[in-house]
file start_29.txt (compact mmCIF, C-alpha atoms)
# COMPACT_ATOMS: atom_id res chain seq x y z
CA MET A 299 14.62 -23.96 20.66
CA GLU A 300 18.06 -24.84 19.30
CA PRO A 301 20.82 -22.21 19.70
CA SER A 302 21.30 -21.58 15.96
CA ALA A 303 17.57 -20.91 15.52
CA CYS A 304 17.73 -18.50 18.45
CA GLU A 305 20.68 -16.77 16.83
CA ASP A 306 18.74 -16.48 13.56
CA LEU A 307 15.77 -14.94 15.37
CA LYS A 308 18.06 -12.37 16.98
CA ALA A 309 19.63 -11.44 13.64
CA PHE A 310 16.18 -11.23 12.06
CA GLU A 311 14.95 -8.99 14.87
CA ARG A 312 18.06 -6.83 14.71
CA ARG A 313 17.56 -6.08 11.03
CA LEU A 314 13.83 -5.54 11.46
CA THR A 315 14.59 -3.00 14.18
CA GLU A 316 17.03 -1.20 11.87
CA VAL A 317 14.40 -1.02 9.13
CA VAL A 318 11.61 0.25 11.38
CA SER A 319 13.82 2.81 13.11
CA SER A 320 14.95 4.24 9.77
CA TYR A 321 11.38 5.40 9.18
CA ARG A 322 11.13 7.17 12.52
CA PRO A 323 12.08 10.79 13.18
CA SER A 324 15.65 11.04 14.45
CA THR A 325 14.69 12.23 17.92
CA PHE A 326 11.60 12.10 20.07
CA ARG A 327 12.06 15.80 20.76
CA TRP A 328 11.68 16.55 17.05
CA ARG A 329 8.42 14.67 17.02
CA LYS A 330 7.18 16.54 20.07
CA LEU A 331 8.11 19.84 18.46
CA LEU A 332 6.08 18.87 15.40
CA ALA A 333 3.08 18.08 17.56
CA VAL A 334 3.33 21.49 19.25
CA VAL A 335 3.66 23.37 15.96
CA LEU A 336 0.76 21.52 14.38
CA SER A 337 -1.44 22.08 17.42
CA ALA A 338 -0.61 25.79 17.51
CA MET A 339 -1.31 26.27 13.80
CA SER A 340 -4.57 24.31 14.04
CA MET A 341 -5.68 26.46 16.97
CA CYS A 342 -4.79 29.67 15.12
CA THR A 343 -6.66 28.53 12.04
CA ALA A 344 -9.76 27.54 14.00
CA ILE A 345 -9.94 30.80 15.97
CA SER A 346 -9.24 33.08 13.03
CA ALA A 347 -11.71 31.11 10.88
CA TRP A 348 -14.36 31.86 13.50
CA TYR A 349 -13.66 35.58 13.32
CA TRP A 350 -13.58 35.46 9.54
CA LEU A 351 -16.99 33.82 9.34
CA ARG A 352 -18.44 36.17 11.95
CA ASP A 353 -17.31 39.27 10.08
CA PRO A 354 -20.33 40.86 8.32
CA ARG A 355 -18.03 42.06 5.53
CA THR A 356 -17.33 38.42 4.58
CA THR A 357 -20.70 38.22 2.86
CA VAL A 358 -20.17 41.37 0.81
CA VAL A 359 -16.62 41.65 -0.48
CA PRO A 360 -14.88 39.30 -2.95
CA LEU A 361 -13.01 36.30 -1.54
CA THR A 362 -9.51 37.64 -2.12
CA GLU A 363 -10.31 40.96 -0.45
CA SER A 364 -11.99 39.14 2.42
CA LEU A 365 -8.90 37.00 3.01
CA TRP A 366 -6.75 40.13 2.87
CA ILE A 367 -8.85 41.70 5.61
CA HIS A 368 -8.14 38.65 7.81
CA PRO A 369 -4.39 38.01 7.40
CA VAL A 370 -4.11 35.74 10.46
CA PHE A 371 -6.63 33.28 9.04
CA THR A 372 -5.04 33.38 5.61
CA VAL A 373 -1.48 32.83 6.84
CA ALA A 374 -2.47 30.12 9.33
CA THR A 375 -4.42 28.18 6.72
CA LEU A 376 -1.66 28.40 4.14
CA THR A 377 0.91 27.33 6.73
CA LEU A 378 -1.15 24.28 7.65
CA VAL A 379 -1.51 23.31 4.01
CA VAL A 380 2.21 23.76 3.38
CA LEU A 381 3.14 21.69 6.42
CA PHE A 382 0.82 18.96 5.25
CA ILE A 383 2.09 18.93 1.69
CA LEU A 384 5.73 18.98 2.75
CA GLY A 385 5.15 15.62 4.36
CA ILE A 386 4.93 16.41 8.04
CA GLN A 387 2.24 13.76 8.20
CA LYS A 388 4.64 11.33 6.59
CA LEU A 389 6.92 11.50 9.60
CA VAL A 390 4.04 10.35 11.77
CA ILE A 391 2.19 8.00 9.44
CA ALA A 392 5.09 6.30 7.65
CA PRO A 393 6.47 4.39 10.66
CA GLN A 394 2.98 3.16 11.50
CA ILE A 395 2.45 1.91 7.95
CA ILE A 396 5.74 0.02 7.86
CA THR A 397 5.07 -1.51 11.27
CA SER A 398 1.52 -2.57 10.44
CA ARG A 399 2.67 -4.09 7.15
CA THR A 400 5.36 -6.07 8.92
CA ARG A 401 2.90 -7.27 11.56
CA MET A 402 0.60 -8.61 8.85
CA VAL A 403 3.35 -10.78 7.38
CA LEU A 404 4.71 -11.81 10.78
CA GLY A 405 1.18 -12.89 11.73
CA ASP A 406 1.52 -15.79 9.30
CA PHE A 407 4.50 -17.03 11.34
CA ASN A 408 3.13 -16.80 14.88
CA MET A 409 5.00 -13.57 15.45
CA SER A 410 4.34 -9.88 15.84
CA CYS A 411 6.43 -6.82 16.60
CA ASP A 412 6.12 -3.69 18.68
CA ASP A 413 6.42 -0.14 17.37
CA THR A 414 10.21 -0.33 17.40
CA GLY A 415 10.42 -3.60 15.45
CA LYS A 416 11.18 -5.87 18.43
CA LEU A 417 9.86 -9.37 17.83
CA ILE A 418 6.96 -10.75 19.84
CA LEU A 419 6.93 -14.56 19.66
CA LYS A 420 3.62 -16.32 20.08
CA PRO A 421 3.29 -19.99 21.08
CA ARG A 422 4.10 -22.13 18.08
CA GLN A 423 1.34 -24.46 16.94
CA SER A 424 2.08 -28.13 16.43
CA ASN A 425 3.10 -28.56 12.80
CA ASN A 426 0.88 -31.11 11.09
CA ASN A 427 3.18 -32.06 8.28
CA SER A 428 0.85 -34.91 7.40
CA THR A 429 -1.78 -32.45 6.12
CA MET B 98 -29.85 51.77 14.19
CA VAL B 99 -33.24 51.96 12.53
CA SER B 100 -32.04 54.47 9.94
CA GLN B 101 -29.22 52.14 8.78
CA LEU B 102 -31.52 49.29 7.74
CA PRO B 103 -32.42 50.55 4.23
CA ALA B 104 -28.77 50.73 3.12
CA GLN B 105 -28.10 47.20 4.35
CA SER B 106 -31.18 45.90 2.57
CA ALA B 107 -30.03 47.54 -0.65
CA ASP B 108 -26.69 45.71 -0.44
CA LEU B 109 -28.39 42.38 0.16
CA ASP B 110 -30.67 42.92 -2.82
CA LYS B 111 -27.63 43.05 -5.08
CA LEU B 112 -26.37 39.68 -3.82
CA ALA B 113 -29.62 37.78 -3.69
CA PRO B 114 -31.28 36.79 -6.99
CA SER B 115 -34.64 36.27 -5.32
CA GLY B 116 -36.57 39.01 -3.56
CA GLN B 117 -38.11 36.53 -1.18
CA PHE B 118 -34.69 35.31 -0.12
CA ALA B 119 -33.51 38.84 0.58
CA VAL B 120 -36.57 39.47 2.71
CA ALA B 121 -35.92 36.29 4.69
CA VAL B 122 -32.32 37.31 5.35
CA VAL B 123 -33.32 40.78 6.43
CA SER B 124 -35.86 39.42 8.86
CA ASN B 125 -33.18 37.14 10.30
CA LEU B 126 -30.75 39.98 10.76
CA GLN B 127 -33.36 42.14 12.47
CA ARG B 128 -33.52 39.73 15.39
CA SER B 129 -30.94 40.34 18.09
CA ARG B 130 -30.35 36.67 18.89
CA SER B 131 -26.88 35.44 17.84
CA SER B 132 -28.09 31.99 16.75
CA SER B 133 -30.26 33.63 14.10
CA ASP B 134 -27.27 35.62 12.93
CA ARG B 135 -25.21 32.46 12.55
CA ARG B 136 -27.88 30.64 10.58
CA GLY B 137 -28.28 33.60 8.30
CA LEU B 138 -24.57 33.84 7.66
CA VAL B 139 -24.29 30.16 6.89
CA LEU B 140 -27.18 30.40 4.45
CA ILE B 141 -25.55 33.31 2.69
CA LEU B 142 -22.20 31.56 2.55
CA LEU B 143 -23.63 28.43 1.03
CA SER B 144 -25.78 30.12 -1.59
CA SER B 145 -23.69 33.08 -2.72
CA ASP B 146 -20.69 33.35 -5.04
CA LEU B 147 -18.48 33.26 -1.97
CA GLY B 148 -19.92 29.87 -1.09
CA THR B 149 -19.07 28.65 -4.57
CA TYR B 150 -15.47 29.74 -4.11
CA ILE B 151 -15.26 28.00 -0.76
CA ARG B 152 -16.81 24.78 -2.03
CA ARG B 153 -14.43 24.70 -4.98
CA LEU B 154 -11.47 25.40 -2.71
CA LEU B 155 -12.48 22.69 -0.24
CA ALA B 156 -12.99 20.21 -3.07
CA ARG B 157 -9.52 20.93 -4.37
CA VAL B 158 -7.97 20.57 -0.91
CA ALA B 159 -9.86 17.33 -0.29
CA GLU B 160 -8.71 15.95 -3.63
CA LYS B 161 -5.11 16.78 -2.81
CA ALA B 162 -5.41 15.23 0.64
CA CYS B 163 -6.84 12.05 -0.85
CA THR B 164 -3.98 11.87 -3.32
CA ILE B 165 -1.44 12.26 -0.54
CA LEU B 166 -3.12 9.65 1.63
CA ARG B 167 -3.27 7.21 -1.26
CA THR B 168 0.44 7.75 -1.74
CA TYR B 169 1.05 7.01 1.93
CA LEU B 170 -0.99 3.83 1.82
CA GLY B 171 1.19 2.74 -1.08
CA LEU B 172 4.23 4.08 0.76
CA SER B 173 7.33 2.94 -1.04
CA TYR B 174 9.99 0.94 0.69
CA ARG B 175 13.23 2.79 1.19
CA GLU B 176 16.74 1.40 0.95
CA VAL B 177 17.97 0.97 4.52
CA SER B 178 21.72 0.93 5.02
CA VAL B 179 23.19 -2.12 6.74
CA SER B 180 25.17 -1.57 9.93
CA GLN B 181 28.72 -2.87 10.12
CA ASP B 182 28.15 -5.94 12.30
CA MET B 183 25.03 -6.87 10.32
CA ALA B 184 27.06 -6.60 7.12
CA HIS B 185 29.54 -9.00 8.66
CA ARG B 186 26.75 -11.43 9.53
CA LEU B 187 25.41 -11.15 5.99
CA ALA B 188 28.81 -12.16 4.63
CA VAL B 189 28.89 -15.16 6.97
CA VAL B 190 25.40 -16.51 6.22
CA GLY B 191 25.68 -15.98 2.47
CA ARG B 192 23.21 -15.05 -0.26
CA LYS B 193 19.94 -16.95 -0.47
CA THR B 194 17.54 -17.91 -3.25
CA LEU B 195 14.04 -16.49 -3.57
CA VAL B 196 11.62 -18.57 -5.64
CA LEU B 197 8.65 -16.66 -7.03
CA ASP B 198 5.42 -18.01 -8.46
CA LEU B 199 4.06 -16.22 -11.49
CA ASP B 200 0.30 -16.39 -12.03
CA GLU B 201 -1.82 -14.83 -9.29
CA THR B 202 1.33 -13.99 -7.36
CA LEU B 203 3.15 -11.51 -9.61
CA VAL B 204 0.64 -11.19 -12.45
CA HIS B 205 -2.88 -12.18 -13.40
CA SER B 206 -3.89 -13.42 -16.85
CA CYS B 207 -7.16 -13.44 -18.72
CA TYR B 208 -7.72 -15.27 -22.00
CA LEU B 209 -10.32 -16.92 -24.24
CA ASP B 210 -10.21 -20.71 -24.20
CA PRO B 211 -10.27 -21.86 -27.86
CA ASP B 212 -11.86 -25.24 -26.98
CA THR B 213 -14.71 -24.16 -24.73
CA HIS B 214 -14.89 -20.51 -25.91
CA ASP B 215 -15.05 -19.46 -22.28
CA ASN B 216 -13.22 -16.48 -20.85
CA VAL B 217 -10.76 -17.84 -18.31
CA GLY B 218 -9.69 -15.63 -15.42
CA CYS B 219 -11.82 -12.71 -16.61
CA SER B 220 -14.86 -12.96 -14.34
CA GLN B 221 -13.56 -10.49 -11.76
CA LEU B 222 -12.18 -7.95 -14.22
CA PRO B 223 -14.07 -4.68 -14.64
CA GLU B 224 -14.91 -3.52 -18.16
CA HIS B 225 -12.40 -0.68 -18.08
CA ALA B 226 -9.44 -2.83 -16.96
CA GLN B 227 -6.39 -2.12 -19.11
CA PRO B 228 -3.84 -4.95 -19.36
CA ASP B 229 -0.15 -4.21 -18.90
CA TYR B 230 0.76 -6.69 -21.63
CA VAL B 231 -1.14 -8.34 -24.46
CA LEU B 232 0.48 -11.56 -25.65
CA ASN B 233 -0.28 -13.80 -28.61
CA ILE B 234 0.66 -17.34 -27.65
CA SER B 235 0.64 -20.20 -30.13
CA ILE B 236 0.57 -23.56 -28.35
CA ASP B 237 1.53 -26.68 -30.33
CA GLY B 238 1.00 -24.94 -33.65
CA MET B 239 -2.61 -24.09 -32.90
CA GLU B 240 -4.30 -20.76 -33.59
CA PRO B 241 -2.76 -18.06 -31.37
CA ILE B 242 -4.48 -17.30 -28.06
CA VAL B 243 -4.62 -13.71 -26.83
CA PHE B 244 -3.56 -13.31 -23.19
CA ARG B 245 -4.26 -10.08 -21.34
CA VAL B 246 -1.73 -9.85 -18.51
CA PHE B 247 -2.14 -7.57 -15.49
CA LYS B 248 0.84 -6.85 -13.24
CA ARG B 249 0.33 -6.94 -9.50
CA PRO B 250 0.71 -3.39 -8.15
CA HIS B 251 4.27 -2.50 -7.09
CA VAL B 252 5.73 -5.62 -8.74
CA ASP B 253 8.47 -3.66 -10.52
CA GLU B 254 9.58 -2.01 -7.30
CA PHE B 255 9.38 -5.37 -5.51
CA LEU B 256 11.63 -7.06 -8.09
CA ASP B 257 14.11 -4.17 -7.92
CA PHE B 258 14.55 -4.63 -4.19
CA VAL B 259 14.54 -8.42 -3.89
CA SER B 260 16.97 -8.80 -6.79
CA LYS B 261 19.52 -6.88 -4.70
CA TRP B 262 18.93 -9.15 -1.72
CA TYR B 263 18.40 -12.61 -3.25
CA ASP B 264 19.09 -14.72 -6.29
CA LEU B 265 15.73 -14.76 -8.06
CA VAL B 266 14.08 -17.80 -9.57
CA ILE B 267 10.70 -18.01 -11.29
CA TYR B 268 8.95 -21.33 -10.69
CA THR B 269 5.54 -21.56 -12.33
CA ALA B 270 3.08 -24.31 -13.16
CA SER B 271 2.30 -22.55 -16.43
CA LEU B 272 3.53 -23.68 -19.82
CA GLU B 273 6.96 -22.43 -20.81
CA VAL B 274 5.76 -20.91 -24.08
CA TYR B 275 3.45 -18.56 -22.14
CA ALA B 276 5.43 -18.00 -18.96
CA ALA B 277 8.72 -17.21 -20.69
CA GLN B 278 7.17 -14.23 -22.48
CA VAL B 279 5.52 -12.92 -19.31
CA VAL B 280 8.75 -13.18 -17.33
CA ASP B 281 10.66 -11.46 -20.14
CA HIS B 282 8.25 -8.53 -19.89
CA LEU B 283 8.54 -8.43 -16.10
CA ASP B 284 12.31 -8.51 -16.33
CA ALA B 285 12.19 -5.67 -18.87
CA GLY B 286 15.75 -6.25 -19.97
CA ARG B 287 17.19 -5.86 -16.47
CA GLY B 288 18.54 -9.41 -16.30
CA LEU B 289 17.05 -9.97 -12.85
CA ILE B 290 15.39 -13.32 -13.57
CA THR B 291 17.66 -15.72 -15.41
CA ARG B 292 16.69 -18.99 -13.73
CA ARG B 293 13.24 -20.26 -14.61
CA PHE B 294 11.27 -23.42 -13.98
CA TYR B 295 8.04 -24.23 -15.77
CA ARG B 296 5.31 -26.82 -15.82
CA GLN B 297 7.63 -29.56 -17.04
CA HIS B 298 9.70 -29.11 -13.89
CA CYS B 299 6.72 -29.56 -11.54
CA ARG B 300 5.73 -32.77 -9.85
CA ALA B 301 2.61 -33.85 -11.68
CA SER B 302 -0.37 -35.23 -9.83
CA SER B 303 -3.16 -33.88 -11.98
CA PRO B 304 -4.95 -31.54 -11.61
CA MET B 305 -2.78 -30.28 -8.74
CA VAL B 306 0.89 -29.67 -9.29
CA SER B 307 3.58 -29.10 -6.70
CA LYS B 308 7.04 -27.63 -7.01
CA ASP B 309 10.29 -29.39 -6.27
CA LEU B 310 12.57 -26.86 -4.60
CA THR B 311 15.50 -29.28 -4.65
CA LEU B 312 15.75 -28.55 -8.38
CA VAL B 313 16.48 -24.93 -7.51
CA THR B 314 19.18 -25.69 -4.96
CA PRO B 315 20.01 -28.75 -2.86
CA ASP B 316 20.59 -26.58 0.22
CA MET B 317 17.18 -26.12 1.85
CA SER B 318 18.50 -23.70 4.47
CA GLY B 319 18.90 -20.94 1.90
CA VAL B 320 15.82 -21.21 -0.31
CA LEU B 321 12.36 -19.73 0.17
CA ILE B 322 9.27 -19.67 -2.04
CA ILE B 323 6.47 -17.12 -2.33
CA ASP B 324 3.34 -18.68 -3.80
CA ASN B 325 -0.40 -18.04 -3.55
CA SER B 326 -1.15 -21.77 -3.70
CA PRO B 327 -0.23 -23.74 -0.55
CA TYR B 328 -0.37 -27.00 -2.48
CA ALA B 329 2.57 -25.85 -4.60
CA TYR B 330 4.92 -25.96 -1.62
CA ARG B 331 3.26 -28.72 0.39
CA ASP B 332 6.49 -30.76 0.29
CA PHE B 333 8.49 -27.82 1.68
CA PRO B 334 6.28 -26.27 4.37
CA ASP B 335 9.21 -24.72 6.25
CA ASN B 336 10.49 -22.84 3.21
CA ALA B 337 7.31 -21.01 2.21
CA ILE B 338 5.83 -17.54 2.58
CA PRO B 339 2.11 -17.42 1.74
CA ILE B 340 0.67 -14.55 -0.25
CA LYS B 341 -2.89 -13.64 -1.17
CA THR B 342 -4.13 -14.57 -4.61
CA PHE B 343 -4.00 -11.58 -6.95
CA ILE B 344 -6.86 -11.08 -9.41
CA TYR B 345 -6.96 -7.47 -10.57
CA ASP B 346 -6.88 -5.24 -7.49
CA PRO B 347 -5.33 -1.82 -8.20
CA ASP B 348 -5.07 -1.15 -4.45
CA ASP B 349 -3.18 -4.36 -3.67
CA THR B 350 -0.16 -3.81 -1.42
CA GLU B 351 0.80 -7.41 -0.63
CA LEU B 352 4.19 -7.19 -2.32
CA LEU B 353 5.06 -4.03 -0.39
CA LYS B 354 4.12 -5.76 2.87
CA MET B 355 6.65 -8.48 2.11
CA LEU B 356 9.64 -6.20 1.77
CA PRO B 357 10.59 -5.53 5.42
CA PHE B 358 10.20 -9.23 6.18
CA LEU B 359 12.31 -10.32 3.21
CA ASP B 360 14.91 -7.68 4.04
CA ALA B 361 15.34 -9.10 7.54
CA LEU B 362 15.15 -12.76 6.49
CA ARG B 363 18.40 -12.65 4.52
CA PHE B 364 20.36 -12.28 7.78
CA THR B 365 19.40 -15.75 8.99
CA LYS B 366 21.65 -18.77 8.69
CA ASP B 367 18.68 -21.05 8.04
CA VAL B 368 15.44 -19.54 6.74
CA ARG B 369 13.51 -22.38 8.36
CA SER B 370 14.23 -20.86 11.79
CA ILE B 371 11.71 -18.17 10.86
CA LEU B 372 9.57 -19.79 8.18
CA GLY B 373 9.17 -22.98 10.19
CA ARG B 374 6.99 -21.01 12.60
CA ARG B 375 4.31 -20.60 9.94
CA VAL B 376 0.68 -21.04 10.93
CA ILE B 377 -0.61 -24.10 9.08
CA ARG B 378 -4.05 -23.31 7.71
CA HIS B 379 -6.17 -26.10 6.29
CA TYR B 380 -7.12 -24.58 2.97
CA TYR B 381 -6.13 -25.07 -0.65
CA ASN B 382 -6.39 -22.25 -3.15
CA ARG B 383 -6.72 -23.67 -6.63
CA SER B 384 -5.04 -21.61 -9.28
CA THR B 385 -7.30 -21.29 -12.30
CA ILE B 386 -4.53 -20.49 -14.74
CA SER B 387 -2.24 -23.31 -13.67
CA SER B 388 -4.80 -26.04 -14.20
CA HIS B 389 -5.35 -24.95 -17.80
CA HIS B 390 -1.72 -24.85 -18.92
call {"tool": "encode", "arguments": {"input": "start_29.txt", "output": "structure tokens"}}
result
Amino acid sequence: MEPSACEDLKAFERRLTEVVSSYRPSTFRWRKLLAVVLSAMSMCTAISAWYWLRDPRTTVVPLTESLWIHPVFTVATLTLVVLFILGIQKLVIAPQIITSRTRMVLGDFNMSCDDTGKLILKPRQSNNNST
Amino acid sequence: MVSQLPAQSADLDKLAPSGQFAVAVVSNLQRSRSSSDRRGLVLILLSSDLGTYIRRLLARVAEKACTILRTYLGLSYREVSVSQDMAHRLAVVGRKTLVLDLDETLVHSCYLDPDTHDNVGCSQLPEHAQPDYVLNISIDGMEPIVFRVFKRPHVDEFLDFVSKWYDLVIYTASLEVYAAQVVDHLDAGRGLITRRFYRQHCRASSPMVSKDLTLVTPDMSGVLIIDNSPYAYRDFPDNAIPIKTFIYDPDDTELLKMLPFLDALRFTKDVRSILGRRVIRHYYNRSTISSHH
């Protein structure tokens, strides 16, 4: 590979890395914190939902009163919904979407990339220009 | 324990419309096994007013989740700031030219052929499809033909981004009288697409036409073409980015997929360093619209 082509590939990769990293959370710690919070809220919701369904009063009283009787379930569920709507999932899903999109296009050029945007070069096929 | 049963039965009678159902529930509750209790509760939940509330609530939540997920799948590209040394490299390598095909790349058209009275390009359109533009085109003084034009999803966003990165050129095998109007609508007064090449600029070898990129710019290191038809760029294989043919797909995200790649490509000195690595596939995708114009 000639040196100018190599230089172009490096510049291409450098920019691709910048693009992919801009969609990632700023720190890995932040992402880990999110995972912990989501897990905790999911656990709370599941456990309190169990108690809510097991309560014999659930079948008798109106829905709003029933939720009031079980505040843990109500708060946990609402918190989960709020976290979801506010785009917590976006912080996890968005980088994957951008990366998978880029891989699809790079696939046409015998290339791929890892989760950080680093190029993965595959062996180049012989170009049949006579076709 | 035994004395409390009548009161409980009375409450259940109020909830249950059917006497038989109430009896069944009571008999379930009388057993001490917990599995029976659970089944009974689930039955009550699903059949009572409470169950209706829950089902409605879950339906609403599911609908919202689907909306959010659909948004993610069509996740918009975001402007990414350029670092200082990359900005310097950009200044050194200079601005490049992006050549875009029109039919089945940016838009899809459907019309009634006045000679054969056949619908052209309409076979894969559902009944409810609403065109983005309806054009009346008069070719060589003949009776006007009605074209229903459908924009590829995200095309406006795509043009916004690539017009910041590249000099845009439309190069289509369609007739100028038709294509000029379509491009005017796509441009929407933004002045993004000033340079245009039409059928008369193509190399003619009927019924297939190819495009001469040297007309766009003599410098092949800084020009790239996006076209759904490989034959169009067969003379410039190292300057091409293939794209799927677009014929009415509201969920199409091909243009969004291009954006990170095109963003990074402008930092190369010679686009052929990247595009020359393209996988050569032995297929030709005939463009229906092009062969009729």
call {"tool": "interface_residues", "arguments": {"input": "start_29.txt", "of": "chain B", "to": "chain A", "cutoff": "7 Å", "atoms": "only C-alpha atoms", "output": "ChimeraX atom specification"}}
result
/B:141-142,147,177,354-355,357-358,361-362,364-366,370-372,374-377
call {"tool": "write_last_selection", "arguments": {"input": "start_29.txt", "atoms": "C-alpha atoms", "output": "PDB file, in the frame of the given file"}}
result
ATOM      1  CA  ILE B 141     -25.550  33.310   2.690  1.00  0.00           C
ATOM      2  CA  LEU B 142     -22.200  31.560   2.550  1.00  0.00           C
ATOM      3  CA  LEU B 147     -18.480  33.260  -1.970  1.00  0.00           C
ATOM      4  CA  VAL B 177      17.970   0.970   4.520  1.00  0.00           C
ATOM      5  CA  LYS B 354       4.120  -5.760   2.870  1.00  0.00           C
ATOM      6  CA  MET B 355       6.650  -8.480   2.110  1.00  0.00           C
ATOM      7  CA  PRO B 357      10.590  -5.530   5.420  1.00  0.00           C
ATOM      8  CA  PHE B 358      10.200  -9.230   6.180  1.00  0.00           C
ATOM      9  CA  ALA B 361      15.340  -9.100   7.540  1.00  0.00           C
ATOM     10  CA  LEU B 362      15.150 -12.760   6.490  1.00  0.00           C
ATOM     11  CA  PHE B 364      20.360 -12.280   7.780  1.00  0.00           C
ATOM     12  CA  THR B 365      19.400 -15.750   8.990  1.00  0.00           C
ATOM     13  CA  LYS B 366      21.650 -18.770   8.690  1.00  0.00           C
ATOM     14  CA  SER B 370      14.230 -20.860  11.790  1.00  0.00           C
ATOM     15  CA  ILE B 371      11.710 -18.170  10.860  1.00  0.00           C
ATOM     16  CA  LEU B 372       9.570 -19.790   8.180  1.00  0.00           C
ATOM     17  CA  ARG B 374       6.990 -21.010  12.600  1.00  0.00           C
ATOM     18  CA  ARG B 375       4.310 -20.600   9.940  1.00  0.00           C
ATOM     19  CA  VAL B 376       0.680 -21.040  10.930  1.00  0.00           C
ATOM     20  CA  ILE B 377      -0.610 -24.100   9.080  1.00  0.00           C
TER      21      ILE B 377
END
call {"tool": "residues_around", "arguments": {"input": "start_29.txt", "residues": "Asp316 in chain B", "least_positions_apart": "2", "cutoff": "12 Å", "atoms": "only C-alpha atoms", "output": "VMD selection string"}}
result
chain B and resid 191 to 194 310 to 314 318 to 321 336 366 to 369
call {"tool": "atom_distance", "arguments": {"input": "start_29.txt", "atom1": "CA of Ile338 in chain B", "atom2": "CA of Asp360 in chain B"}}
result
13.5 Å
call {"tool": "atom_distance", "arguments": {"input": "start_29.txt", "atom1": "CA of Ala270 in chain B", "atom2": "CA of Tyr295 in chain B"}}
result
5.6 Å
call {"tool": "atom_distance", "arguments": {"input": "start_29.txt", "atom1": "CA of Asp346 in chain B", "atom2": "CA of Asn325 in chain B"}}
result
14.9 Å
call {"tool": "residues_around", "arguments": {"input": "start_29.txt", "residues": "Ser220 in chain B", "least_positions_apart": "3", "cutoff": "12 Å", "atoms": "all atoms listed in the file", "output": "PyMOL selection string"}}
result
chain B and resi 206-209+215-217+223-224+226+344-345+385
